file final-v7.csv (CSV, C-alpha atoms)
chain,number,residue,atom,x,y,z
A,9,MET,CA,-11.2,1.1,-18.9
A,10,SER,CA,-10.5,-1.9,-21.1
A,11,THR,CA,-9.1,-4.9,-19.2
A,12,ALA,CA,-7.8,-6.4,-22.4
A,13,ALA,CA,-4.4,-7.8,-21.5
A,14,PRO,CA,-1.3,-8.3,-23.7
A,15,ALA,CA,-1.7,-12.1,-23.1
A,16,ASP,CA,-4.6,-14.4,-22.2
A,17,TRP,CA,-3.7,-14.9,-18.6
A,18,LYS,CA,-6.2,-17.8,-18.2
A,19,THR,CA,-4.4,-19.9,-20.7
A,20,ALA,CA,-0.9,-18.5,-20.2
A,21,THR,CA,1.7,-20.3,-18.1
A,22,THR,CA,1.4,-19.2,-14.5
A,23,PRO,CA,4.6,-17.4,-13.3
A,24,LYS,CA,6.8,-19.6,-11.1
A,25,ASP,CA,9.2,-17.2,-9.5
A,26,ALA,CA,9.6,-13.5,-8.5
A,27,GLU,CA,10.9,-12.4,-11.9
A,28,GLY,CA,7.9,-14.0,-13.6
A,29,TRP,CA,5.5,-12.2,-11.3
A,30,LEU,CA,7.3,-8.9,-11.8
A,31,ALA,CA,6.9,-9.4,-15.6
A,32,ARG,CA,3.2,-10.1,-15.0
A,33,ALA,CA,2.9,-6.9,-13.0
A,34,ALA,CA,4.6,-5.0,-15.8
A,35,GLU,CA,1.9,-6.4,-18.2
A,36,VAL,CA,-0.8,-5.1,-15.8
A,37,ALA,CA,0.9,-1.7,-15.6
A,38,ALA,CA,1.0,-1.5,-19.4
A,39,VAL,CA,-2.8,-1.9,-19.5
A,40,LEU,CA,-3.3,0.6,-16.7
A,41,ALA,CA,-1.0,3.2,-18.3
A,42,ALA,CA,-2.9,3.4,-21.5
A,43,ASP,CA,-5.7,5.5,-20.0
A,44,ALA,CA,-4.3,6.4,-16.5
A,45,ALA,CA,-4.7,10.1,-16.9
A,46,ALA,CA,-8.3,9.9,-18.1
A,47,ARG,CA,-9.3,7.5,-15.4
A,48,ASP,CA,-7.7,9.8,-12.8
A,49,LYS,CA,-9.9,12.7,-14.1
A,50,ALA,CA,-13.0,10.5,-14.1
A,51,ALA,CA,-12.4,9.2,-10.6
A,52,ALA,CA,-14.9,6.4,-11.1
A,53,THR,CA,-15.0,3.4,-8.8
A,54,PRO,CA,-12.3,1.1,-10.1
A,55,TYR,CA,-14.2,-2.2,-10.5
A,56,ALA,CA,-12.5,-3.0,-13.8
A,57,GLU,CA,-9.1,-2.2,-12.5
A,58,VAL,CA,-9.6,-4.6,-9.5
A,59,GLN,CA,-10.8,-7.3,-11.9
A,60,LEU,CA,-7.6,-6.8,-13.9
A,61,LEU,CA,-5.6,-7.5,-10.7
A,62,LYS,CA,-7.7,-10.6,-10.2
A,63,ASP,CA,-7.5,-11.9,-13.8
A,64,SER,CA,-3.7,-11.4,-13.7
A,65,GLY,CA,-3.3,-13.4,-10.5
A,66,LEU,CA,-1.7,-10.6,-8.6
A,67,VAL,CA,-4.3,-10.6,-5.9
A,68,THR,CA,-3.2,-14.1,-4.7
A,69,LEU,CA,0.6,-13.3,-4.9
A,70,LEU,CA,1.1,-14.0,-1.2
A,71,GLY,CA,-1.5,-16.9,-1.0
A,72,PRO,CA,-0.6,-20.5,-0.4
A,73,VAL,CA,0.3,-22.5,-3.6
A,74,GLU,CA,-1.9,-25.4,-2.6
A,75,HIS,CA,-5.0,-23.2,-2.7
A,76,GLY,CA,-4.2,-21.4,-6.0
A,77,GLY,CA,-1.9,-18.7,-4.6
A,78,ALA,CA,1.6,-17.8,-5.9
A,79,GLY,CA,3.4,-18.4,-2.6
A,80,GLN,CA,5.6,-15.4,-3.0
A,81,ASP,CA,7.3,-13.3,-0.3
A,82,TRP,CA,7.0,-9.7,0.9
A,83,PRO,CA,10.0,-8.4,-1.0
A,84,THR,CA,8.3,-9.6,-4.2
A,85,ALA,CA,5.0,-8.1,-3.2
A,86,TYR,CA,6.6,-4.8,-2.6
A,87,ARG,CA,8.2,-4.8,-6.0
A,88,VAL,CA,4.9,-5.8,-7.6
A,89,VAL,CA,3.2,-2.8,-5.9
A,90,ARG,CA,6.0,-0.5,-7.1
A,91,GLU,CA,5.6,-1.8,-10.7
A,92,VAL,CA,1.8,-1.3,-10.7
A,93,ALA,CA,2.1,2.1,-9.1
A,94,LYS,CA,4.4,3.3,-12.0
A,95,ALA,CA,1.2,3.3,-14.2
A,96,ASP,CA,-1.4,4.2,-11.6
A,97,GLY,CA,-0.7,5.2,-8.0
A,98,SER,CA,-4.2,4.6,-6.9
A,99,ILE,CA,-4.2,1.0,-8.1
A,100,GLY,CA,-0.7,0.5,-6.6
A,101,GLN,CA,-2.1,1.6,-3.2
A,102,LEU,CA,-5.1,-0.6,-3.5
A,103,LEU,CA,-3.0,-3.6,-4.3
A,104,GLY,CA,-0.5,-2.8,-1.5
A,105,TYR,CA,-3.3,-2.4,1.1
A,106,HIS,CA,-4.9,-5.6,-0.2
A,107,TYR,CA,-1.7,-7.5,0.5
A,108,LEU,CA,-1.5,-5.9,4.0
A,109,TRP,CA,-5.0,-6.8,5.0
A,110,ASN,CA,-4.8,-10.3,3.5
A,111,TRP,CA,-1.7,-10.8,5.7
A,112,ALA,CA,-3.4,-9.3,8.8
A,113,ALA,CA,-4.8,-12.7,9.7
A,114,ARG,CA,-1.3,-14.2,9.8
A,115,LEU,CA,-0.2,-11.1,11.8
A,116,VAL,CA,-2.6,-11.5,14.7
A,117,ALA,CA,-4.7,-14.7,14.3
A,118,THR,CA,-4.2,-18.2,15.5
A,119,ARG,CA,-2.7,-20.7,13.1
A,120,GLU,CA,-6.0,-22.3,12.5
A,121,GLN,CA,-7.6,-18.9,11.8
A,122,TRP,CA,-5.0,-17.6,9.4
A,123,GLU,CA,-4.7,-20.9,7.5
A,124,HIS,CA,-8.5,-20.8,6.9
A,125,VAL,CA,-8.5,-17.2,5.8
A,126,GLU,CA,-5.5,-17.5,3.5
A,127,ALA,CA,-7.0,-20.7,1.9
A,128,GLU,CA,-10.4,-19.1,1.3
A,129,ALA,CA,-8.8,-15.8,0.1
A,130,ALA,CA,-6.7,-17.7,-2.5
A,131,ARG,CA,-9.5,-20.0,-3.7
A,132,ASN,CA,-12.0,-17.2,-4.1
A,133,GLN,CA,-9.6,-14.4,-5.1
A,134,TRP,CA,-10.9,-12.2,-2.4
A,135,PHE,CA,-9.9,-8.5,-2.6
A,136,PHE,CA,-9.4,-7.0,0.8
A,137,GLY,CA,-10.3,-3.6,2.2
A,138,GLY,CA,-9.8,-2.3,5.7
A,139,ALA,CA,-11.8,-0.1,8.0
A,140,VAL,CA,-9.0,0.7,10.4
A,141,ASN,CA,-8.1,4.3,11.1
A,142,PRO,CA,-6.5,4.9,14.5
A,143,ARG,CA,-7.0,8.6,14.6
A,144,ASP,CA,-10.8,8.2,14.7
A,145,GLU,CA,-12.8,7.3,17.8
A,146,ASP,CA,-12.5,3.6,18.5
A,147,VAL,CA,-15.2,1.3,17.1
A,148,VAL,CA,-17.0,-0.2,20.0
A,149,VAL,CA,-17.0,-4.0,20.1
A,150,ARG,CA,-19.6,-5.6,22.3
A,151,ASP,CA,-19.6,-9.2,23.6
A,152,GLU,CA,-23.1,-10.7,23.0
A,153,GLY,CA,-22.4,-14.3,24.0
A,154,ASP,CA,-21.4,-16.3,21.0
A,155,THR,CA,-21.1,-13.2,18.8
A,156,LEU,CA,-19.5,-9.8,18.8
A,157,THR,CA,-21.0,-6.6,17.4
A,158,PHE,CA,-19.0,-3.7,15.9
A,159,THR,CA,-20.5,-0.2,16.0
A,160,GLY,CA,-18.9,3.1,15.1
A,161,ARG,CA,-17.6,5.1,12.1
A,162,LYS,CA,-14.2,5.4,10.4
A,163,SER,CA,-13.2,8.3,8.2
A,164,PHE,CA,-11.2,6.2,5.8
A,165,SER,CA,-11.8,2.7,4.5
A,166,THR,CA,-9.4,2.1,1.6
A,167,GLY,CA,-10.8,-0.4,-0.9
A,168,SER,CA,-14.4,-0.1,0.4
A,169,LYS,CA,-16.7,-0.6,-2.5
A,170,VAL,CA,-14.3,-2.7,-4.6
A,171,SER,CA,-13.5,-5.1,-1.8
A,172,ASP,CA,-14.9,-8.6,-1.3
A,173,VAL,CA,-14.0,-8.6,2.4
A,174,THR,CA,-13.2,-5.9,4.9
A,175,VAL,CA,-10.9,-6.0,8.0
A,176,LEU,CA,-12.7,-4.5,11.0
A,177,GLU,CA,-11.0,-3.3,14.2
A,178,GLY,CA,-12.4,-2.0,17.4
A,179,VAL,CA,-12.0,-2.1,21.2
A,180,LEU,CA,-13.9,-4.6,23.4
A,181,GLU,CA,-16.3,-2.6,25.5
A,182,GLY,CA,-15.1,-2.1,29.1
A,183,THR,CA,-11.5,-3.2,28.2
A,184,ASP,CA,-8.4,-1.9,26.4
A,185,ASP,CA,-8.4,-5.0,24.2
A,186,HIS,CA,-8.4,-4.5,20.4
A,187,VAL,CA,-10.3,-7.0,18.2
A,188,PHE,CA,-9.6,-7.6,14.5
A,189,ALA,CA,-12.1,-9.5,12.4
A,190,ILE,CA,-12.6,-10.1,8.6
A,191,VAL,CA,-16.2,-9.8,7.3
A,192,PRO,CA,-17.8,-9.8,3.9
A,193,SER,CA,-18.0,-6.3,2.5
A,194,ASP,CA,-21.7,-6.6,1.9
A,195,SER,CA,-22.4,-7.5,5.6
A,196,GLU,CA,-25.5,-6.1,7.1
A,197,GLY,CA,-24.8,-2.9,9.0
A,198,LEU,CA,-21.6,-2.1,7.0
A,199,THR,CA,-22.2,1.1,4.9
A,200,PHE,CA,-19.5,2.7,2.7
A,201,HIS,CA,-19.8,6.4,1.9
A,202,ASP,CA,-19.0,8.2,-1.3
A,203,ASP,CA,-17.1,11.0,0.4
A,204,TRP,CA,-13.5,10.4,-0.9
A,205,ASP,CA,-12.9,13.6,-2.9
A,206,ASN,CA,-9.2,14.4,-2.5
A,207,ILE,CA,-6.7,15.9,-4.9
A,208,GLY,CA,-4.7,12.6,-5.2
A,209,GLN,CA,-5.1,8.8,-5.0
A,210,ARG,CA,-8.5,9.5,-6.3
A,211,LEU,CA,-9.3,5.9,-7.3
A,212,THR,CA,-8.5,4.2,-3.9
A,213,GLU,CA,-12.1,4.2,-2.7
A,214,SER,CA,-10.9,5.6,0.7
A,215,GLY,CA,-14.1,7.2,1.9
A,216,GLY,CA,-15.7,6.8,5.3
A,217,VAL,CA,-17.6,3.8,6.6
A,218,THR,CA,-20.3,3.3,9.2
A,219,LEU,CA,-20.6,0.2,11.2
A,220,GLU,CA,-24.1,-0.4,12.7
A,221,THR,CA,-24.1,-3.5,14.9
A,222,VAL,CA,-22.1,-5.6,12.4
A,223,ARG,CA,-22.2,-9.1,13.8
A,224,VAL,CA,-19.2,-11.3,13.9
A,225,PRO,CA,-18.9,-14.8,15.6
A,226,TRP,CA,-16.4,-14.9,18.4
A,227,SER,CA,-14.5,-17.6,16.4
A,228,ALA,CA,-13.6,-14.9,13.9
A,229,ALA,CA,-12.0,-12.6,16.4
A,230,ALA,CA,-8.4,-12.9,15.2
A,231,GLY,CA,-6.0,-14.3,17.8
A,232,TYR,CA,-8.6,-14.9,20.5
A,233,VAL,CA,-9.0,-18.3,22.2
A,234,ASP,CA,-11.8,-18.7,24.7
A,235,LYS,CA,-12.3,-14.9,24.5
A,236,GLN,CA,-8.7,-14.2,25.5
A,237,PHE,CA,-6.1,-12.7,23.1
A,238,ARG,CA,-2.8,-14.6,22.7
A,239,PRO,CA,-0.2,-11.9,22.0
A,240,ARG,CA,3.1,-12.3,20.2
A,241,ILE,CA,5.8,-9.7,19.4
A,242,TYR,CA,5.2,-10.6,15.8
A,243,ASN,CA,1.8,-8.8,16.2
A,244,THR,CA,3.6,-5.5,16.3
A,245,LEU,CA,5.1,-5.8,12.7
A,246,ASN,CA,1.9,-4.2,11.3
A,247,VAL,CA,3.4,-0.6,11.2
A,248,PRO,CA,6.8,-1.4,9.6
A,249,THR,CA,5.1,-3.7,7.1
A,250,ILE,CA,2.5,-1.2,5.9
A,251,GLN,CA,5.1,1.6,5.9
A,252,LEU,CA,7.1,-0.4,3.4
A,253,VAL,CA,3.9,-0.7,1.3
A,254,PHE,CA,3.8,3.1,1.3
A,255,VAL,CA,7.5,3.4,0.4
A,256,ASN,CA,7.1,1.2,-2.6
A,257,PHE,CA,4.0,2.9,-4.1
A,258,TYR,CA,5.7,6.2,-3.6
A,259,LEU,CA,8.8,5.0,-5.4
A,260,GLY,CA,6.6,3.5,-8.1
A,261,ILE,CA,4.7,6.7,-8.7
A,262,ALA,CA,8.0,8.6,-8.8
A,263,THR,CA,9.4,6.2,-11.4
A,264,GLY,CA,6.3,6.5,-13.5
A,265,ALA,CA,6.6,10.3,-13.3
A,266,LEU,CA,10.2,10.2,-14.4
A,267,GLU,CA,9.6,7.8,-17.3
A,268,THR,CA,6.5,9.7,-18.5
A,269,ALA,CA,8.4,13.0,-18.3
A,270,ALA,CA,11.4,11.5,-20.2
A,271,THR,CA,9.1,10.4,-23.0
A,272,TYR,CA,7.6,13.9,-23.2
A,273,THR,CA,11.1,15.5,-23.2
A,274,ARG,CA,12.2,13.2,-26.1
A,275,THR,CA,9.1,13.6,-28.2
A,276,LYS,CA,7.5,17.0,-27.4
A,277,ALA,CA,9.7,19.3,-25.3
A,278,ARG,CA,11.4,22.2,-27.1
A,279,ALA,CA,14.9,23.3,-26.5
A,280,TRP,CA,15.2,26.8,-24.9
A,281,LEU,CA,15.7,29.4,-27.6
A,282,HIS,CA,18.8,30.9,-25.9
A,283,GLY,CA,20.4,27.6,-25.1
A,284,GLY,CA,22.1,26.9,-28.4
A,285,HIS,CA,20.6,23.5,-28.8
A,286,GLU,CA,18.2,22.1,-31.3
A,287,HIS,CA,16.7,19.4,-29.2
A,288,ALA,CA,15.6,19.5,-25.5
A,289,VAL,CA,17.5,16.2,-24.9
A,290,ASP,CA,20.8,18.0,-25.6
A,291,GLU,CA,20.2,20.8,-23.0
A,292,PRO,CA,22.9,20.4,-20.3
A,293,TYR,CA,20.4,21.5,-17.6
A,294,VAL,CA,17.9,19.0,-18.7
A,295,ILE,CA,20.5,16.2,-18.8
A,296,ASP,CA,21.7,17.1,-15.3
A,297,THR,CA,18.3,17.1,-13.8
A,298,TYR,CA,17.4,13.7,-15.2
A,299,GLY,CA,20.7,12.4,-14.0
A,300,ASP,CA,20.2,13.9,-10.5
A,301,LEU,CA,16.7,12.6,-10.1
A,302,THR,CA,17.5,9.2,-11.4
A,303,ALA,CA,20.4,8.7,-9.1
A,304,LYS,CA,18.3,9.7,-6.1
A,305,LEU,CA,15.5,7.4,-7.1
A,306,TRP,CA,17.8,4.4,-7.7
A,307,ALA,CA,19.4,4.9,-4.3
A,308,ALA,CA,16.0,5.0,-2.6
A,309,GLU,CA,14.9,1.8,-4.4
A,310,ALA,CA,18.1,0.0,-3.4
A,311,LEU,CA,17.5,0.9,0.2
A,312,ALA,CA,13.9,-0.1,0.0
A,313,ASP,CA,14.9,-3.5,-1.4
A,314,ALA,CA,17.5,-4.0,1.3
A,315,VAL,CA,15.1,-3.2,4.1
A,316,ALA,CA,12.4,-5.4,2.6
A,317,ALA,CA,14.9,-8.3,2.6
A,318,GLU,CA,15.7,-7.6,6.3
A,319,GLY,CA,12.0,-7.7,7.1
A,320,GLN,CA,11.5,-11.0,5.3
A,321,LYS,CA,13.8,-12.7,7.8
A,322,LEU,CA,11.4,-11.7,10.6
A,323,HIS,CA,8.4,-13.0,8.6
A,324,ASP,CA,10.2,-16.3,8.0
A,325,ASP,CA,10.3,-17.1,11.7
A,326,PRO,CA,7.5,-15.2,13.4
A,327,ASP,CA,7.9,-16.9,16.8
A,328,ALA,CA,11.5,-15.8,17.0
A,329,VAL,CA,10.9,-12.1,16.6
A,330,THR,CA,12.2,-10.1,19.6
A,331,GLU,CA,11.5,-6.6,20.7
A,332,GLN,CA,15.1,-5.7,19.8
A,333,ALA,CA,14.8,-7.1,16.3
A,334,ARG,CA,11.4,-5.5,15.8
A,335,GLY,CA,12.7,-2.1,17.0
A,336,GLU,CA,15.8,-2.1,14.8
A,337,PHE,CA,13.7,-3.1,11.8
A,338,GLU,CA,11.3,-0.2,12.5
A,339,VAL,CA,14.2,2.3,12.5
A,340,ARG,CA,15.4,1.0,9.2
A,341,VAL,CA,11.8,1.3,7.8
A,342,ALA,CA,11.6,4.8,9.2
A,343,ALA,CA,14.8,5.7,7.3
A,344,VAL,CA,13.6,4.4,3.9
A,345,LYS,CA,10.2,6.0,4.5
A,346,ALA,CA,11.8,9.4,5.0
A,347,ARG,CA,14.0,9.0,1.9
A,348,ALA,CA,11.2,7.7,-0.3
A,349,THR,CA,9.0,10.6,0.7
A,350,ASP,CA,11.5,13.3,0.0
A,351,VAL,CA,12.7,11.7,-3.3
A,352,ALA,CA,9.1,11.0,-4.6
A,353,LEU,CA,8.0,14.6,-3.8
A,354,GLU,CA,11.1,16.0,-5.5
A,355,VAL,CA,10.8,13.9,-8.6
A,356,THR,CA,7.1,14.5,-9.1
A,357,ASN,CA,7.7,18.3,-8.7
A,358,ARG,CA,10.9,18.8,-10.7
A,359,ILE,CA,9.8,16.9,-13.8
A,360,PHE,CA,8.1,20.1,-14.9
A,361,GLU,CA,11.5,21.8,-15.0
A,362,VAL,CA,12.5,19.4,-17.8
A,363,THR,CA,9.2,19.2,-19.7
A,364,GLY,CA,8.3,22.9,-19.9
A,365,ALA,CA,5.2,25.0,-19.7
A,366,ARG,CA,3.3,23.1,-22.3
A,367,ALA,CA,3.6,20.0,-20.2
A,368,THR,CA,1.2,21.5,-17.7
A,369,ALA,CA,-1.6,21.0,-20.1
A,370,SER,CA,-4.4,19.0,-18.5
A,371,ALA,CA,-4.4,16.5,-21.3
A,372,GLU,CA,-0.8,15.4,-20.4
A,373,GLY,CA,-1.8,14.5,-16.8
A,374,LEU,CA,1.7,15.0,-15.4
A,375,ASP,CA,0.2,16.7,-12.3
A,376,ARG,CA,-1.4,13.4,-11.1
A,377,PHE,CA,2.0,12.0,-10.0
A,378,TRP,CA,2.7,14.9,-7.6
A,379,ARG,CA,-1.0,15.0,-6.4
A,380,ASN,CA,-0.8,11.3,-5.6
A,381,VAL,CA,2.4,11.5,-3.7
A,382,ARG,CA,1.5,14.7,-1.9
A,383,THR,CA,-1.8,13.3,-0.8
A,384,HIS,CA,-0.6,10.0,0.7
A,385,THR,CA,2.7,11.3,2.2
A,386,LEU,CA,0.6,13.3,4.6
A,387,HIS,CA,-0.6,10.0,6.1
A,388,ASP,CA,1.8,10.5,9.0
A,389,PRO,CA,4.4,13.2,9.4
A,390,VAL,CA,7.8,12.2,8.1
A,391,ALA,CA,9.5,14.3,10.7
A,392,TYR,CA,8.5,11.7,13.3
A,393,LYS,CA,10.2,9.0,11.2
A,394,ARG,CA,13.4,11.1,11.3
A,395,ARG,CA,13.0,11.4,15.0
A,396,GLU,CA,12.9,7.7,15.5
A,397,ILE,CA,16.2,7.4,13.6
A,398,GLY,CA,17.9,10.3,15.4
A,399,ARG,CA,17.0,9.0,18.8
A,400,HIS,CA,18.2,5.5,18.0
A,401,VAL,CA,21.5,6.9,16.7
A,402,LEU,CA,22.1,9.2,19.6
A,403,THR,CA,20.8,7.2,22.6
A,404,GLY,CA,20.1,3.7,21.3
A,405,GLU,CA,16.4,4.1,21.9
A,406,LEU,CA,14.1,1.9,19.9
A,407,PRO,CA,10.6,3.0,18.8
A,408,GLN,CA,7.9,1.5,20.9
A,409,PRO,CA,5.1,-0.1,19.0
A,410,THR,CA,2.2,2.2,18.3
A,411,TRP,CA,-0.2,2.7,15.4
A,412,TYR,CA,2.4,4.8,13.7
A,413,SER,CA,5.8,3.5,14.9
call {"tool": "encode", "arguments": {"input": "final-v7.csv", "output": "structure tokens"}}
result
Amino acid sequence: MSTAAPADWKTATTPKDAEGWLARAAEVAAVLAADAAARDKAAATPYAEVQLLKDSGLVTLLGPVEHGGAGQDWPTAYRVVREVAKADGSIGQLLGYHYLWNWAARLVATREQWEHVEAEAARNQWFFGGAVNPRDEDVVVRDEGDTLTFTGRKSFSTGSKVSDVTVLEGVLEGTDDHVFAIVPSDSEGLTFHDDWDNIGQRLTESGGVTLETVRVPWSAAAGYVDKQFRPRIYNTLNVPTIQLVFVNFYLGIATGALETAATYTRTKARAWLHGGHEHAVDEPYVIDTYGDLTAKLWAAEALADAVAAEGQKLHDDPDAVTEQARGEFEVRVAAVKARATDVALEVTNRIFEVTGARATASAEGLDRFWRNVRTHTLHDPVAYKRREIGRHVLTGELPQPTWYS
């Protein structure tokens, strides 16, 4: 792809607020949209796309201002992910996961650790990947004195070959203690595999990874002091935070699908020969479908923004997060995850009803929106999200923190 931007970002004024960064994200999306369908077919490693994210400044959106970051909050990051995903769901996911793994240090590390990571990440424009998949066997972490070694395999490692650093996670041998650490992606013993060949999200570099005695100093074990982990309730916000990342790139993909379909309907679709209308845009059934899908999408977006704002209150005062507040937040996230999943699947499926048979041509690429949503929404069953909500409504039960709740 060409990374030519509509403005020279190196000389342009750096955005100062959320709206400015959303405008910058829209510029990035415009570049990505130009050849999104072709790049989806090629499924090449998205080096140029990640460089585009770096050049635009989006990778340091959450980073500290004093080190070159934008100092923005999570609600802005979610909306930026949504904007980018309109054009390319894969790149929206990569950016969202990057934000999550960049924040992982703050999630579990000591202040000294996360301040160091965030400063280095902002100064060097690190792009983050993560080798953390809880459904695989645990990576074994061995204590070797001043160092730790990580050994094992993970089926998925989103961002793999395009990342500068990778978040590792494993269990300390002989204990139930989990250890997170951030290592350079070219570390000795870290091997990424070219085995991501799925129907959707094809550019996310989500293939497997092998860890063969990857060495990490004990000082890099996030949240550990004198080889003992110092837990906080805030540590358990990982699942609701990443689920909101999912929500926003689902909604972004759905918006992109609806906008692309609307353009097709205006410019290429033909009215049905028995409908009595000359243009497809005048067909009552077409008008009703666009109205129905748009209303559902706008409602889901409004809920997503509201829940993101609720979550930011927890991020603003990490030490004040209680089990009750965390649980109630997870229920709200479960609700918007369920809605976003259903709406995104419906939108990306039903756009074909209002574009017609010719819109299924491979050259149009409309199928990529459904393939992307369908692929990632299988990450964890949405029925279990509805169960969290239902139990809370009926009994007051709050979800207990797990890798998926």
call {"tool": "residues_near_point", "arguments": {"input": "final-v7.csv", "point": "(-1.1, -13.2, 23.3)", "cutoff": "12 Å", "atoms": "all atoms listed in the file", "output": "ChimeraX atom specification"}}
result
/A:115-118,185-186,230-233,235-244,327
call {"tool": "atom_distance", "arguments": {"input": "final-v7.csv", "atom1": "CA of Ala277 (chain A)", "atom2": "CA of Ser98 (chain A)"}}
result
27.3 Å
call {"tool": "closest_atom_pairs", "arguments": {"input": "final-v7.csv", "of": "region 337-387 of chain A", "to": "region 287-295 of chain A", "cutoff": "9 Å", "atoms": "all atoms listed in the file", "output": "CSV"}}
result
residue,atom,partner,partner_atom,distance
A:Glu361,CA,A:Val294,CA,7.9
A:Val362,CA,A:Val294,CA,5.5
A:Thr363,CA,A:Ala288,CA,8.6
call {"tool": "closest_atom_pairs", "arguments": {"input": "final-v7.csv", "of": "region 24-50 of chain A", "to": "region 197-220 of chain A", "cutoff": "12 Å", "atoms": "all atoms listed in the file", "output": "JSON lines"}}
result
{"residue": "A:Ala44", "atom": "CA", "partner": "A:Leu211", "partner_atom": "CA", "distance": 10.5}
{"residue": "A:Ala45", "atom": "CA", "partner": "A:Arg210", "partner_atom": "CA", "distance": 11.3}
{"residue": "A:Ala46", "atom": "CA", "partner": "A:Leu211", "partner_atom": "CA", "distance": 11.6}
{"residue": "A:Arg47", "atom": "CA", "partner": "A:Leu211", "partner_atom": "CA", "distance": 8.3}
{"residue": "A:Asp48", "atom": "CA", "partner": "A:Arg210", "partner_atom": "CA", "distance": 6.6}
{"residue": "A:Lys49", "atom": "CA", "partner": "A:Arg210", "partner_atom": "CA", "distance": 8.5}
{"residue": "A:Ala50", "atom": "CA", "partner": "A:Leu211", "partner_atom": "CA", "distance": 9.0}
call {"tool": "write_last_selection", "arguments": {"input": "final-v7.csv", "atoms": "C-alpha atoms", "output": "PDB file, keeping the file's coordinate frame"}}
result
ATOM      1  CA  ALA A  44      -4.300   6.400 -16.500  1.00  0.00           C
ATOM      2  CA  ALA A  45      -4.700  10.100 -16.900  1.00  0.00           C
ATOM      3  CA  ALA A  46      -8.300   9.900 -18.100  1.00  0.00           C
ATOM      4  CA  ARG A  47      -9.300   7.500 -15.400  1.00  0.00           C
ATOM      5  CA  ASP A  48      -7.700   9.800 -12.800  1.00  0.00           C
ATOM      6  CA  LYS A  49      -9.900  12.700 -14.100  1.00  0.00           C
ATOM      7  CA  ALA A  50     -13.000  10.500 -14.100  1.00  0.00           C
TER       8      ALA A  50
END
call {"tool": "closest_residue", "arguments": {"input": "final-v7.csv", "among": "A:Val253, A:Gly364, A:Val36, A:Gly398", "to": "Ala85 (chain A)", "atoms": "all atoms listed in the file"}}
result
A:Val253
call {"tool": "residues_around", "arguments": {"input": "final-v7.csv", "residues": "Lys345 (chain A)", "least_positions_apart": "6", "cutoff": "9 Å", "atoms": "only C-alpha atoms", "output": "PDB file with C-alpha atoms, in the coordinates of the input"}}
result
ATOM      1  CA  GLN A 251       5.100   1.600   5.900  1.00  0.00           C
ATOM      2  CA  LEU A 252       7.100  -0.400   3.400  1.00  0.00           C
ATOM      3  CA  PHE A 254       3.800   3.100   1.300  1.00  0.00           C
ATOM      4  CA  VAL A 255       7.500   3.400   0.400  1.00  0.00           C
ATOM      5  CA  ALA A 312      13.900  -0.100   0.000  1.00  0.00           C
ATOM      6  CA  VAL A 390       7.800  12.200   8.100  1.00  0.00           C
ATOM      7  CA  LYS A 393      10.200   9.000  11.200  1.00  0.00           C
TER       8      LYS A 393
END
call {"tool": "atom_distance", "arguments": {"input": "final-v7.csv", "atom1": "CA of Gly104 (chain A)", "atom2": "CA of Arg223 (chain A)"}}
result
27.3 Å
call {"tool": "atom_distance", "arguments": {"input": "final-v7.csv", "atom1": "CA of Pro83 (chain A)", "atom2": "CA of Ala342 (chain A)"}}
result
16.8 Å
call {"tool": "closest_residue", "arguments": {"input": "final-v7.csv", "among": "A:Arg376, A:Arg358, A:Arg399, A:His106", "to": "Thr166 (chain A)", "atoms": "only C-alpha atoms"}}
result
A:His106
call {"tool": "closest_residue", "arguments": {"input": "final-v7.csv", "among": "A:Trp226, A:Trp109, A:Phe188, A:Trp122", "to": "Thr155 (chain A)", "atoms": "only C-alpha atoms"}}
result
A:Trp226
call {"tool": "residues_around", "arguments": {"input": "final-v7.csv", "residues": "Leu70 (chain A)", "least_positions_apart": "3", "cutoff": "10 Å", "atoms": "only C-alpha atoms", "output": "PyMOL selection string"}}
result
chain A and resi 66-67+73+77-82+84-85+107-108+110-111+126+130
call {"tool": "closest_residue", "arguments": {"input": "final-v7.csv", "among": "A:Thr273, A:Thr249, A:Thr159, A:Thr183", "to": "Thr221 (chain A)", "atoms": "all atoms listed in the file"}}
result
A:Thr159
call {"tool": "closest_residue", "arguments": {"input": "final-v7.csv", "among": "A:Ile99, A:Ile359, A:Ala328, A:Leu281", "to": "Thr302 (chain A)", "atoms": "only C-alpha atoms"}}
result
A:Ile359
call {"tool": "residues_around", "arguments": {"input": "final-v7.csv", "residues": "region 138-141 of chain A", "least_positions_apart": "3", "cutoff": "6 Å", "atoms": "all atoms listed in the file", "output": "PyMOL selection string"}}
result
chain A and resi 144+165+174-177
call {"tool": "write_last_selection", "arguments": {"input": "final-v7.csv", "atoms": "C-alpha atoms", "output": "compact mmCIF listing (two decimals), in the coordinates of the input"}}
result
# COMPACT_ATOMS: atom_id res chain seq x y z
CA ASP A 144 -10.80 8.20 14.70
CA SER A 165 -11.80 2.70 4.50
CA THR A 174 -13.20 -5.90 4.90
CA VAL A 175 -10.90 -6.00 8.00
CA LEU A 176 -12.70 -4.50 11.00
CA GLU A 177 -11.00 -3.30 14.20
